[in-house]
>>> print(open('target_9.cif').read())   # mmCIF, C-alpha atoms
data_structure
#
loop_
_atom_site.label_atom_id
_atom_site.label_comp_id
_atom_site.auth_asym_id
_atom_site.auth_seq_id
_atom_site.Cartn_x
_atom_site.Cartn_y
_atom_site.Cartn_z
CA MET L 338 6.01 -2.37 -13.19
CA LYS L 339 5.63 -5.90 -11.80
CA ILE L 340 5.54 -4.64 -8.22
CA LEU L 341 2.97 -1.99 -9.17
CA LEU L 342 0.67 -4.44 -10.94
CA GLY L 343 1.39 -7.21 -8.45
CA THR L 344 0.01 -4.91 -5.75
CA LEU L 345 -2.79 -3.10 -7.57
CA ILE L 346 -4.44 -6.21 -9.06
CA PRO L 347 -5.10 -8.04 -5.73
CA LEU L 348 -6.08 -4.70 -4.15
CA ALA L 349 -8.60 -4.01 -6.90
CA ALA L 350 -9.92 -7.58 -6.66
CA ALA L 351 -10.38 -7.21 -2.88
CA PHE L 352 -12.13 -3.87 -3.35
CA VAL L 353 -14.54 -5.25 -5.96
CA PHE L 354 -15.27 -8.27 -3.75
CA HIS L 355 -15.99 -5.92 -0.83
CA LEU L 356 -18.37 -3.79 -2.93
CA VAL L 357 -20.26 -6.86 -4.15
CA TRP L 358 -20.53 -8.27 -0.61
CA TRP L 359 -21.77 -4.93 0.73
CA ARG L 360 -24.37 -4.69 -2.06
CA ILE L 361 -25.69 -8.14 -1.16
CA ARG L 362 -25.65 -7.71 2.60
CA LEU L 363 -23.98 -5.26 4.98
CA PRO L 364 -21.87 -7.23 7.50
CA GLN L 365 -22.58 -6.55 11.17
CA ARG L 366 -18.89 -5.96 11.99
CA GLN L 367 -17.91 -4.05 8.90
CA LEU L 368 -14.30 -3.13 9.71
CA ARG L 369 -13.46 -6.67 10.73
CA ALA L 370 -15.04 -8.04 7.54
CA LEU L 371 -13.07 -5.52 5.48
CA LEU L 372 -9.78 -6.54 7.12
CA VAL L 373 -10.60 -10.21 6.52
CA ILE L 374 -11.25 -9.52 2.82
CA PHE L 375 -7.97 -7.64 2.39
CA GLY L 376 -6.16 -10.35 4.38
CA VAL L 377 -7.55 -13.22 2.31
CA PHE L 378 -6.71 -11.55 -1.01
CA PHE L 379 -3.22 -10.71 0.26
CA VAL L 380 -2.50 -14.29 1.32
CA ALA L 381 -3.88 -15.57 -2.01
CA ALA L 382 -1.68 -13.13 -3.95
CA LEU L 383 1.39 -14.01 -1.91
CA ALA L 384 0.76 -17.73 -2.41
CA LEU L 385 0.50 -17.13 -6.16
CA TYR L 386 3.75 -15.13 -6.18
CA ALA L 387 5.51 -17.85 -4.18
CA MET L 388 4.47 -20.39 -6.83
CA GLN L 389 5.22 -18.04 -9.73
CA PRO L 390 8.07 -15.77 -8.53
CA GLY L 391 8.44 -14.28 -12.02
CA LEU L 392 5.15 -12.39 -11.61
CA VAL L 393 6.69 -9.85 -9.22
CA ALA L 394 10.41 -10.47 -9.66
CA LEU L 395 12.81 -7.54 -9.55
CA ALA L 396 15.93 -8.03 -11.65
CA GLY L 397 18.95 -8.81 -9.48
CA ALA L 398 17.00 -8.89 -6.20
CA ALA L 399 16.05 -11.84 -4.01
CA PRO L 400 12.34 -12.85 -4.15
CA TRP L 401 11.79 -11.83 -0.51
CA ILE L 402 12.49 -8.19 -1.43
CA SER L 403 9.71 -8.30 -4.03
CA TRP L 404 7.31 -9.92 -1.57
CA LEU L 405 8.18 -7.38 1.10
CA TYR L 406 7.63 -4.58 -1.43
CA VAL L 407 4.23 -5.95 -2.39
CA ALA L 408 3.32 -6.47 1.29
CA LEU L 409 4.27 -2.93 2.27
CA PHE L 410 2.52 -1.28 -0.66
CA TYR L 411 -0.55 -3.51 -0.40
CA TRP L 412 -1.11 -2.97 3.32
CA ALA L 413 -0.29 0.75 3.20
CA ALA L 414 -2.97 1.20 0.52
CA ALA L 415 -5.42 -1.21 2.18
CA PHE L 416 -5.10 0.59 5.53
CA CYS L 417 -5.67 3.92 3.76
CA TYR L 418 -9.01 2.57 2.60
CA VAL L 419 -9.87 0.93 5.95
CA ILE L 420 -9.11 4.20 7.77
CA THR L 421 -11.20 6.19 5.30
CA TYR L 422 -13.95 3.59 5.65
CA SER L 423 -13.96 3.94 9.45
CA ALA L 424 -14.54 7.68 8.92
CA MET L 425 -17.38 6.86 6.51
CA GLU L 426 -19.04 4.31 8.75
CA GLY L 427 -20.06 6.90 11.33
CA ASP L 428 -20.58 10.61 10.75
CA SER L 429 -17.99 13.12 11.92
CA PRO L 430 -19.62 15.95 13.92
CA THR L 431 -17.15 18.44 12.42
CA LEU L 432 -17.72 17.38 8.81
CA SER L 433 -21.49 17.08 9.33
CA LEU L 434 -21.70 20.62 10.68
CA THR L 435 -19.41 21.98 7.94
CA ARG L 436 -21.50 20.32 5.27
CA HIS L 437 -24.75 21.56 6.81
CA LEU L 438 -23.49 25.15 7.09
CA HIS L 439 -22.21 25.00 3.51
CA GLY L 440 -25.65 23.81 2.39
CA LEU L 441 -27.26 26.83 4.07
CA ARG L 442 -25.25 29.08 1.74
CA GLY L 443 -24.81 32.46 3.40
CA SER L 444 -27.74 32.36 5.83
CA GLY L 445 -25.91 30.51 8.63
CA MET L 446 -27.64 29.25 11.78
CA ASP L 447 -28.30 30.68 15.22
CA ARG L 448 -27.50 28.97 18.53
CA ALA L 449 -30.94 27.36 18.85
CA GLU L 450 -30.75 25.89 15.34
CA LEU L 451 -27.26 24.64 16.03
CA GLU L 452 -28.37 22.95 19.25
CA GLU L 453 -31.28 21.36 17.39
CA PHE L 454 -28.87 20.11 14.68
CA PHE L 455 -26.78 18.32 17.31
CA ARG L 456 -29.81 17.16 19.30
CA GLN L 457 -31.08 15.33 16.20
CA ARG L 458 -27.66 13.72 15.70
CA PRO L 459 -26.66 11.89 18.90
CA PHE L 460 -23.03 11.21 17.95
CA ILE L 461 -22.06 9.81 21.36
CA GLY L 462 -25.05 7.48 21.44
CA ALA L 463 -24.22 6.26 17.93
CA ARG L 464 -20.57 5.59 18.86
CA VAL L 465 -21.51 3.74 22.06
CA LYS L 466 -23.86 1.61 19.96
CA ALA L 467 -21.04 0.98 17.43
CA LEU L 468 -18.66 -0.05 20.22
CA MET L 469 -21.30 -2.47 21.49
CA THR L 470 -21.89 -3.86 17.99
CA ASP L 471 -18.13 -4.37 17.62
CA GLY L 472 -18.11 -6.28 20.92
CA ILE L 473 -15.82 -3.77 22.66
CA LEU L 474 -18.36 -2.42 25.17
CA LEU L 475 -20.88 -4.59 26.98
CA GLU L 476 -23.93 -3.37 28.89
CA HIS L 477 -23.32 -3.80 32.59
CA ASP L 478 -25.48 -2.84 35.55
CA GLY L 479 -26.72 0.53 34.30
CA GLY L 480 -23.52 1.32 32.46
CA TYR L 481 -20.88 -0.27 30.29
CA ARG L 482 -17.84 -2.44 30.74
CA LEU L 483 -14.97 -3.20 28.41
CA ALA L 484 -15.05 -6.68 26.94
CA PRO L 485 -11.90 -8.71 27.68
CA GLY L 486 -9.10 -7.95 25.25
CA GLY L 487 -5.72 -6.31 24.88
CA TYR L 488 -6.86 -3.29 22.81
CA VAL L 489 -3.30 -2.87 21.55
CA PHE L 490 -4.44 -0.58 18.72
CA PHE L 491 -6.36 1.82 20.99
CA ARG L 492 -3.58 1.81 23.60
CA THR L 493 -0.91 2.46 20.98
CA ILE L 494 -2.81 5.48 19.62
CA LEU L 495 -3.41 6.91 23.10
CA GLY L 496 0.18 6.18 24.21
CA TYR L 497 1.68 7.90 21.18
CA ARG L 498 -0.65 10.84 21.67
CA ARG L 499 0.37 11.13 25.33
CA ILE L 500 4.07 11.22 24.34
CA VAL L 501 3.66 13.86 21.64
CA PHE L 502 0.80 15.98 23.01
CA GLY L 503 1.14 15.47 26.76
CA LYS L 504 -1.90 14.89 29.00
CA ILE L 505 -5.10 14.15 27.07
CA LYS L 506 -7.94 16.56 27.77
CA ASP L 507 -11.54 15.37 28.06
CA GLY L 508 -14.22 15.97 25.48
CA GLY L 509 -14.37 16.90 21.80
CA MET G 1097 22.16 -5.26 0.02
CA PRO G 1098 20.88 -4.93 -3.58
CA ALA G 1099 19.70 -1.56 -4.90
CA GLU G 1100 16.05 -2.65 -4.71
CA PHE G 1101 16.31 -3.06 -0.95
CA TRP G 1102 17.21 0.63 -0.63
CA TYR G 1103 14.34 1.54 -2.96
CA LEU G 1104 12.05 -0.38 -0.62
CA ALA G 1105 13.52 1.29 2.46
CA SER G 1106 13.29 4.85 1.11
CA PRO G 1107 9.54 5.55 1.64
CA VAL G 1108 9.81 4.07 5.15
CA ALA G 1109 12.77 6.36 5.88
CA ALA G 1110 10.75 9.31 4.52
CA LEU G 1111 7.90 8.37 6.88
CA ALA G 1112 10.39 8.45 9.75
CA VAL G 1113 11.33 11.98 8.68
CA MET G 1114 7.65 12.96 8.74
CA VAL G 1115 7.11 11.43 12.20
CA VAL G 1116 10.12 13.24 13.67
CA VAL G 1117 9.37 16.61 12.05
CA GLN G 1118 5.66 16.49 12.94
CA GLY G 1119 6.35 15.51 16.55
CA ALA G 1120 9.09 18.11 16.93
CA ALA G 1121 6.92 20.84 15.39
CA LEU G 1122 4.04 20.03 17.69
CA ARG G 1123 6.36 20.11 20.71
CA TRP G 1124 7.86 23.39 19.46
CA TRP G 1125 4.37 24.90 19.17
CA ARG G 1126 3.47 23.50 22.62
CA GLY G 1127 0.67 21.27 21.36
CA GLU G 1128 -0.99 24.03 19.29
CA HIS G 1129 -1.30 24.05 15.46
CA PHE G 1130 -1.87 20.31 15.10
CA PHE G 1131 -2.86 20.51 11.43
CA ARG G 1132 0.05 22.81 10.59
CA SER G 1133 2.47 20.35 12.19
CA VAL G 1134 1.03 17.54 10.04
CA VAL G 1135 1.41 19.59 6.85
CA LEU G 1136 4.99 20.48 7.79
CA GLY G 1137 5.81 16.86 8.60
CA PHE G 1138 4.25 15.65 5.36
CA ALA G 1139 6.17 18.22 3.30
CA ALA G 1140 9.47 17.29 4.97
CA GLY G 1141 8.84 13.58 4.37
CA PHE G 1142 7.84 14.23 0.76
CA ALA G 1143 11.00 16.25 0.14
CA ALA G 1144 12.99 13.41 1.69
CA VAL G 1145 11.38 10.69 -0.44
CA VAL G 1146 11.97 12.70 -3.63
CA LEU G 1147 15.60 13.30 -2.61
CA PHE G 1148 16.05 9.59 -1.86
CA GLN G 1149 14.73 8.66 -5.32
CA VAL G 1150 17.11 11.09 -7.02
CA LEU G 1151 20.03 9.71 -5.02
CA LEU G 1152 19.04 6.10 -5.70
CA LEU G 1153 18.63 6.66 -9.45
CA ALA G 1154 21.93 8.50 -9.60
CA GLY G 1155 23.79 6.08 -7.32
CA PHE G 1156 22.61 2.72 -8.66
CA GLY G 1157 21.96 3.75 -12.26
CA PRO G 1158 18.51 4.23 -13.81
CA SER G 1159 16.51 1.52 -15.61
CA ALA G 1160 12.86 1.30 -16.65
CA ASP G 1161 12.05 -0.85 -13.58
CA ARG G 1162 13.77 1.57 -11.22
CA TRP G 1163 12.00 4.59 -12.69
CA VAL G 1164 8.68 2.84 -12.09
CA LEU G 1165 9.72 1.99 -8.52
CA ALA G 1166 10.87 5.55 -7.86
CA VAL G 1167 7.92 7.41 -9.37
CA LEU G 1168 4.90 5.11 -9.53
CA VAL G 1169 5.51 2.99 -6.45
CA ASN G 1170 7.58 4.90 -3.89
CA LEU G 1171 5.85 8.27 -4.15
CA PRO G 1172 2.30 6.85 -3.79
CA LEU G 1173 3.63 4.46 -1.13
CA TYR G 1174 4.96 7.39 0.90
CA VAL G 1175 1.63 9.22 0.50
CA CYS G 1176 -0.21 6.10 1.76
CA LEU G 1177 2.13 5.74 4.74
CA ALA G 1178 1.82 9.47 5.54
CA TYR G 1179 -1.99 9.31 5.27
CA GLY G 1180 -1.99 6.30 7.60
CA PHE G 1181 0.24 8.10 10.10
CA TYR G 1182 -1.88 11.27 9.96
CA ASN G 1183 -5.01 9.25 10.69
CA PHE G 1184 -3.22 7.31 13.41
CA ILE G 1185 -2.43 10.51 15.33
CA ASN G 1186 -5.72 12.15 14.40
CA LEU G 1187 -7.71 9.21 15.80
CA GLY G 1188 -6.45 10.01 19.29
CA HIS G 1189 -7.31 13.64 18.61
CA ALA G 1190 -10.80 13.33 17.18
CA SER G 1191 -12.16 9.77 17.38
CA ILE G 1192 -15.11 9.62 19.73
CA ARG G 1193 -14.86 5.83 19.94
CA ILE G 1194 -11.26 5.93 21.15
CA ARG G 1195 -12.06 8.62 23.70
CA ILE G 1196 -14.98 6.57 25.05
CA TYR G 1197 -12.63 3.57 25.30
CA LYS G 1198 -10.14 5.75 27.21
CA GLU G 1199 -12.76 6.98 29.70
CA CYS G 1200 -13.84 3.41 30.33
CA ALA G 1201 -10.28 2.05 30.58
CA ASP G 1202 -9.30 4.87 32.99
CA ARG G 1203 -12.05 3.63 35.34
CA GLY G 1204 -10.83 0.05 35.39
CA GLY G 1205 -13.00 -1.03 32.48
CA LEU G 1206 -16.35 0.00 33.96
CA ILE G 1207 -18.26 3.22 33.37
CA THR G 1208 -21.80 4.22 34.25
CA VAL G 1209 -24.01 6.18 31.88
CA GLU G 1210 -23.82 9.14 34.30
CA GLU G 1211 -20.02 9.07 34.40
CA LEU G 1212 -19.85 8.95 30.61
CA SER G 1213 -22.28 11.86 30.39
CA MET G 1214 -20.22 13.82 32.93
CA VAL G 1215 -17.03 13.64 30.89
CA TYR G 1216 -18.20 13.21 27.35
CA ASP G 1217 -21.75 14.05 26.48
CA GLU G 1218 -23.48 15.37 23.38
CA GLU G 1219 -23.28 19.01 24.53
CA ARG G 1220 -19.56 18.69 25.21
CA ILE G 1221 -19.00 17.25 21.74
CA ARG G 1222 -21.04 20.05 20.22
CA ASP G 1223 -19.20 22.78 22.11
CA ALA G 1224 -15.73 21.29 21.57
CA ARG G 1225 -16.21 20.89 17.83
CA LEU G 1226 -17.78 24.34 17.57
CA GLU G 1227 -14.86 25.87 19.47
CA ARG G 1228 -12.35 24.05 17.25
CA LEU G 1229 -14.06 25.31 14.08
CA LEU G 1230 -14.28 28.86 15.47
CA GLN G 1231 -10.64 28.89 16.58
CA GLY G 1232 -9.50 27.35 13.29
CA GLY G 1233 -11.23 30.15 11.38
CA ASP G 1234 -13.57 27.73 9.59
CA ILE G 1235 -16.73 29.31 10.97
CA HIS G 1236 -17.46 32.77 12.29
CA LEU G 1237 -20.12 34.08 14.67
CA ARG G 1238 -21.72 37.19 13.18
CA ASP G 1239 -24.90 38.90 14.46
CA GLY G 1240 -25.73 35.85 16.56
CA ARG G 1241 -25.47 33.43 13.63
CA TYR G 1242 -22.78 30.90 12.76
CA HIS G 1243 -21.46 31.17 9.20
CA LEU G 1244 -19.04 29.00 7.26
CA VAL G 1245 -16.27 31.39 6.24
CA ASN G 1246 -13.45 29.01 5.30
CA PRO G 1247 -14.64 26.13 3.09
CA ARG G 1248 -11.38 24.10 3.38
CA LEU G 1249 -13.25 21.16 4.96
CA VAL G 1250 -16.03 21.16 2.34
CA PRO G 1251 -14.08 19.09 -0.23
CA VAL G 1252 -13.18 16.59 2.54
CA ALA G 1253 -16.84 16.39 3.55
CA ARG G 1254 -17.87 15.94 -0.10
CA ILE G 1255 -15.41 13.07 -0.56
CA VAL G 1256 -16.37 11.33 2.69
CA PHE G 1257 -20.14 11.70 2.17
CA GLY G 1258 -19.78 10.83 -1.54
CA LEU G 1259 -17.83 7.67 -0.73
CA LYS G 1260 -20.38 6.83 1.93
CA LYS G 1261 -23.15 7.09 -0.64
CA PHE G 1262 -21.21 4.97 -3.14
CA VAL G 1263 -20.21 2.20 -0.72
CA LEU G 1264 -22.94 2.23 1.92
CA ARG G 1265 -25.74 3.68 -0.22
CA ARG G 1266 -26.51 6.30 2.39
CA GLU G 1267 -24.99 9.70 2.96
CA SER G 1268 -25.26 9.79 6.73
CA GLU G 1269 -25.90 7.51 9.68
CA PHE G 1270 -28.70 9.97 10.50
CA ASP G 1271 -30.29 9.77 7.04
CA HIS G 1272 -33.68 9.14 8.63
CA LEU G 1273 -33.72 12.85 9.52
CA ALA G 1274 -33.61 13.95 5.89
#
>>> encode(input="target_9.cif", output="structure tokens")
Amino acid sequence: MKILLGTLIPLAAAFVFHLVWWRIRLPQRQLRALLVIFGVFFVAALALYAMQPGLVALAGAAPWISWLYVALFYWAAAFCYVITYSAMEGDSPTLSLTRHLHGLRGSGMDRAELEEFFRQRPFIGARVKALMTDGILLEHDGGYRLAPGGYVFFRTILGYRRIVFGKIKDGG
Amino acid sequence: MPAEFWYLASPVAALAVMVVVQGAALRWWRGEHFFRSVVLGFAAGFAAVVLFQVLLLAGFGPSADRWVLAVLVNLPLYVCLAYGFYNFINLGHASIRIRIYKECADRGGLITVEELSMVYDEERIRDARLERLLQGGDIHLRDGRYHLVNPRLVPVARIVFGLKKFVLRRESEFDHLA
């Protein structure tokens, strides 16, 4: 029970702090701000547990096992939220279209209406703008260039995908 | 190692089962049935984590703390890890941002607007997503009109748009159209 509460309490505190911050003012780099919030609350919780090991102690186990347990559970849950948040931040074309078609009940839409739906929702333009806001893409001579950086996260995703799926196709 | 170490390791081991089963299934199906491979991988990992908890409780002896670890911590922890893994592989599959990054990185870090439009424009997105929904049986073309025939994504859309409204106070980034 100590591990459960020792994880859920700082998570809940971080979530409430995030909601309050977002109500006051939406940060420009939202994902980064979210990770900072979860990081700060995690470090604070871990510091508290280092000072008061009894708060998350497991009978018969060394304190580092409890801390590792809390760390794993905390970050697994925090990343679940961050991932879901990244899906919320921008609209998914698939979910937007599904939702729109569901809202039309049984009447559906013809090709022209579908094209108009997508024309009014420039998903690519919105993502390019988001990449520029996040400082990943920079405007450069009539196009874009990648800002300096390792992009380990992006490269890991694409590398894993290449191993499991094979060559990555363009589009969609 | 104390019993609690093995409790801690069990959801991670179950995630490894999911990763292997999902990857093997996708290879077996030659890159088709992505979603089915994820469901299969998740089910295999879930069966593994449940089995691990039974073995741990039987092997090390049950106590109130261990029951909580087995049921209230390890099962949700596995679900969180599996959800993270699913999104990790799905990002490379569906994230527009990552695909734009890839197109730019493939060209040495520079891409013109025309090049981006050539490989990844609004029409391509529209057609690719439409094709995926048609092939997946979610929508159906009947008498020249597209109809939603399988509402399996509707609850997902409701959750995502509902959360968006709760956290961001808007339902869509294109709310100005409403």
>>> resolve_selection(input="target_9.cif", expression="the PyMOL selection byres ((chain L and resi 346-355) around 8)", output="list in words")
Leu342, Gly343, Thr344, Leu345, Leu356, Val357, Trp358, Trp359, Leu371, Ile374, Phe375, Phe378, Phe379, Ala382, Tyr411 and Ala415 of chain L
>>> atom_distance(input="target_9.cif", atom1="CA of Leu372 (chain L)", atom2="CA of Val419 (chain L)")
7.6 Å
>>> closest_atom_pairs(input="target_9.cif", of="chain G", to="chain L", cutoff="7 Å", atoms="only C-alpha atoms", output="JSON lines")
{"residue": "G:Pro1098", "atom": "CA", "partner": "L:Ala398", "partner_atom": "CA", "distance": 6.1}
{"residue": "G:Glu1100", "atom": "CA", "partner": "L:Ala398", "partner_atom": "CA", "distance": 6.5}
{"residue": "G:Phe1101", "atom": "CA", "partner": "L:Ile402", "partner_atom": "CA", "distance": 6.4}
{"residue": "G:Leu1104", "atom": "CA", "partner": "L:Tyr406", "partner_atom": "CA", "distance": 6.2}
{"residue": "G:Gly1119", "atom": "CA", "partner": "L:Val501", "partner_atom": "CA", "distance": 6.0}
{"residue": "G:Arg1123", "atom": "CA", "partner": "L:Val501", "partner_atom": "CA", "distance": 6.9}
{"residue": "G:Gly1127", "atom": "CA", "partner": "L:Phe502", "partner_atom": "CA", "distance": 5.5}
{"residue": "G:Asp1161", "atom": "CA", "partner": "L:Met338", "partner_atom": "CA", "distance": 6.2}
{"residue": "G:Val1164", "atom": "CA", "partner": "L:Met338", "partner_atom": "CA", "distance": 6.0}
{"residue": "G:Val1169", "atom": "CA", "partner": "L:Leu341", "partner_atom": "CA", "distance": 6.2}
{"residue": "G:Leu1173", "atom": "CA", "partner": "L:Phe410", "partner_atom": "CA", "distance": 5.9}
{"residue": "G:Cys1176", "atom": "CA", "partner": "L:Ala413", "partner_atom": "CA", "distance": 5.5}
{"residue": "G:Leu1177", "atom": "CA", "partner": "L:Ala413", "partner_atom": "CA", "distance": 5.8}
{"residue": "G:Tyr1179", "atom": "CA", "partner": "L:Cys417", "partner_atom": "CA", "distance": 6.7}
{"residue": "G:Gly1180", "atom": "CA", "partner": "L:Cys417", "partner_atom": "CA", "distance": 5.8}
{"residue": "G:Phe1184", "atom": "CA", "partner": "L:Ile494", "partner_atom": "CA", "distance": 6.5}
{"residue": "G:Ile1185", "atom": "CA", "partner": "L:Arg498", "partner_atom": "CA", "distance": 6.6}
{"residue": "G:Gly1188", "atom": "CA", "partner": "L:Leu495", "partner_atom": "CA", "distance": 5.8}
{"residue": "G:Ala1190", "atom": "CA", "partner": "L:Gly509", "partner_atom": "CA", "distance": 6.8}
{"residue": "G:Ile1192", "atom": "CA", "partner": "L:Arg464", "partner_atom": "CA", "distance": 6.8}
{"residue": "G:Arg1193", "atom": "CA", "partner": "L:Arg464", "partner_atom": "CA", "distance": 5.8}
{"residue": "G:Ile1194", "atom": "CA", "partner": "L:Phe491", "partner_atom": "CA", "distance": 6.4}
{"residue": "G:Cys1200", "atom": "CA", "partner": "L:Leu483", "partner_atom": "CA", "distance": 7.0}
{"residue": "G:Gly1205", "atom": "CA", "partner": "L:Leu483", "partner_atom": "CA", "distance": 5.0}
{"residue": "G:Leu1206", "atom": "CA", "partner": "L:Arg482", "partner_atom": "CA", "distance": 4.3}
{"residue": "G:Ile1207", "atom": "CA", "partner": "L:Tyr481", "partner_atom": "CA", "distance": 5.3}
{"residue": "G:Thr1208", "atom": "CA", "partner": "L:Gly480", "partner_atom": "CA", "distance": 3.8}
{"residue": "G:Val1209", "atom": "CA", "partner": "L:Gly480", "partner_atom": "CA", "distance": 4.9}
{"residue": "G:Val1215", "atom": "CA", "partner": "L:Asp507", "partner_atom": "CA", "distance": 6.4}
{"residue": "G:Tyr1216", "atom": "CA", "partner": "L:Gly508", "partner_atom": "CA", "distance": 5.2}
{"residue": "G:Asp1217", "atom": "CA", "partner": "L:Ile461", "partner_atom": "CA", "distance": 6.7}
{"residue": "G:Glu1218", "atom": "CA", "partner": "L:Ile461", "partner_atom": "CA", "distance": 6.1}
{"residue": "G:Arg1220", "atom": "CA", "partner": "L:Gly508", "partner_atom": "CA", "distance": 6.0}
{"residue": "G:Ile1221", "atom": "CA", "partner": "L:Gly509", "partner_atom": "CA", "distance": 4.6}
{"residue": "G:Arg1222", "atom": "CA", "partner": "L:Phe455", "partner_atom": "CA", "distance": 6.7}
{"residue": "G:Ala1224", "atom": "CA", "partner": "L:Gly509", "partner_atom": "CA", "distance": 4.6}
{"residue": "G:Arg1225", "atom": "CA", "partner": "L:Gly509", "partner_atom": "CA", "distance": 5.9}
{"residue": "G:Gly1240", "atom": "CA", "partner": "L:Asp447", "partner_atom": "CA", "distance": 5.9}
{"residue": "G:Arg1241", "atom": "CA", "partner": "L:Asp447", "partner_atom": "CA", "distance": 4.3}
{"residue": "G:Tyr1242", "atom": "CA", "partner": "L:Gly445", "partner_atom": "CA", "distance": 5.2}
{"residue": "G:His1243", "atom": "CA", "partner": "L:Gly445", "partner_atom": "CA", "distance": 4.5}
{"residue": "G:Leu1244", "atom": "CA", "partner": "L:Leu438", "partner_atom": "CA", "distance": 5.9}
{"residue": "G:Leu1249", "atom": "CA", "partner": "L:Thr435", "partner_atom": "CA", "distance": 6.9}
{"residue": "G:Val1250", "atom": "CA", "partner": "L:Arg436", "partner_atom": "CA", "distance": 6.3}
{"residue": "G:Ala1253", "atom": "CA", "partner": "L:Leu432", "partner_atom": "CA", "distance": 5.4}
{"residue": "G:Val1256", "atom": "CA", "partner": "L:Met425", "partner_atom": "CA", "distance": 6.0}
{"residue": "G:Lys1260", "atom": "CA", "partner": "L:Met425", "partner_atom": "CA", "distance": 5.5}
{"residue": "G:Val1263", "atom": "CA", "partner": "L:Leu356", "partner_atom": "CA", "distance": 6.6}
{"residue": "G:Ser1268", "atom": "CA", "partner": "L:Asp428", "partner_atom": "CA", "distance": 6.2}
{"residue": "G:Glu1269", "atom": "CA", "partner": "L:Gly427", "partner_atom": "CA", "distance": 6.1}
{"residue": "G:Phe1270", "atom": "CA", "partner": "L:Arg458", "partner_atom": "CA", "distance": 6.5}
>>> residues_around(input="target_9.cif", residues="Phe1131 (chain G)", least_positions_apart="3", cutoff="10 Å", atoms="all atoms listed in the file", output="ChimeraX atom specification")
/G:1118,1122,1128,1134-1137,1182,1186,1232
>>> residues_around(input="target_9.cif", residues="Asp1234 (chain G)", least_positions_apart="3", cutoff="6 Å", atoms="all atoms listed in the file", output="list in words")
Leu1229, Val1245 and Asn1246 of chain G
>>> write_last_selection(input="target_9.cif", atoms="C-alpha atoms", output="PDB file, in the frame of the given file")
ATOM      1  CA  LEU G1229     -14.060  25.310  14.080  1.00  0.00           C
ATOM      2  CA  VAL G1245     -16.270  31.390   6.240  1.00  0.00           C
ATOM      3  CA  ASN G1246     -13.450  29.010   5.300  1.00  0.00           C
TER       4      ASN G1246
END
>>> atom_distance(input="target_9.cif", atom1="CA of Asn1170 (chain G)", atom2="CA of Val373 (chain L)")
25.8 Å
>>> atom_distance(input="target_9.cif", atom1="CA of Ser1106 (chain G)", atom2="CA of Val1252 (chain G)")
29.0 Å
>>> axis_aligned_box(input="target_9.cif", around="region 1121-1127 of chain G", padding_each_side="4 Å", output="AutoDock Vina command-line options")
--center_x 4.3 --center_y 22.5 --center_z 19.0 --size_x 15.2 --size_y 12.9 --size_z 15.2
>>> resolve_selection(input="target_9.cif", expression="the PyMOL selection byres ((chain G and resi 1114) around 7)", output="ChimeraX atom specification")
/G:1110-1113,1115-1118,1137-1138,1140-1141
>>> decode(input="target_9.cif", residues="region 1159-1169 of chain G", atoms="N, CA and C atoms", output="mmCIF file, in the first residue's frame")
data_model
loop_
_atom_site.group_PDB
_atom_site.id
_atom_site.type_symbol
_atom_site.label_atom_id
_atom_site.label_comp_id
_atom_site.auth_asym_id
_atom_site.auth_seq_id
_atom_site.Cartn_x
_atom_site.Cartn_y
_atom_site.Cartn_z
ATOM 1 N N SER G 1159 1.180 -11.965 1.662
ATOM 2 C CA SER G 1159 0.988 -11.064 2.805
ATOM 3 C C SER G 1159 0.153 -9.911 2.257
ATOM 4 N N ALA G 1160 -0.372 -9.082 3.150
ATOM 5 C CA ALA G 1160 -1.227 -7.975 2.691
ATOM 6 C C ALA G 1160 -0.458 -7.078 1.721
ATOM 7 N N ASP G 1161 0.805 -6.760 2.073
ATOM 8 C CA ASP G 1161 1.635 -5.898 1.220
ATOM 9 C C ASP G 1161 1.845 -6.513 -0.153
ATOM 10 N N ARG G 1162 2.078 -7.811 -0.176
ATOM 11 C CA ARG G 1162 2.359 -8.476 -1.460
ATOM 12 C C ARG G 1162 1.111 -8.591 -2.334
ATOM 13 N N TRP G 1163 -0.043 -8.758 -1.697
ATOM 14 C CA TRP G 1163 -1.287 -8.765 -2.470
ATOM 15 C C TRP G 1163 -1.496 -7.404 -3.143
ATOM 16 N N VAL G 1164 -1.221 -6.341 -2.372
ATOM 17 C CA VAL G 1164 -1.373 -4.990 -2.941
ATOM 18 C C VAL G 1164 -0.399 -4.817 -4.109
ATOM 19 N N LEU G 1165 0.855 -5.251 -3.903
ATOM 20 C CA LEU G 1165 1.844 -5.133 -4.986
ATOM 21 C C LEU G 1165 1.392 -5.908 -6.214
ATOM 22 N N ALA G 1166 0.904 -7.128 -5.991
ATOM 23 C CA ALA G 1166 0.536 -7.997 -7.114
ATOM 24 C C ALA G 1166 -0.665 -7.455 -7.874
ATOM 25 N N VAL G 1167 -1.689 -7.008 -7.142
ATOM 26 C CA VAL G 1167 -2.959 -6.667 -7.800
ATOM 27 C C VAL G 1167 -3.074 -5.168 -8.097
ATOM 28 N N LEU G 1168 -2.769 -4.334 -7.118
ATOM 29 C CA LEU G 1168 -3.019 -2.892 -7.285
ATOM 30 C C LEU G 1168 -1.832 -2.127 -7.859
ATOM 31 N N VAL G 1169 -0.655 -2.723 -7.801
ATOM 32 C CA VAL G 1169 0.504 -2.021 -8.370
ATOM 33 C C VAL G 1169 0.952 -2.687 -9.679
#
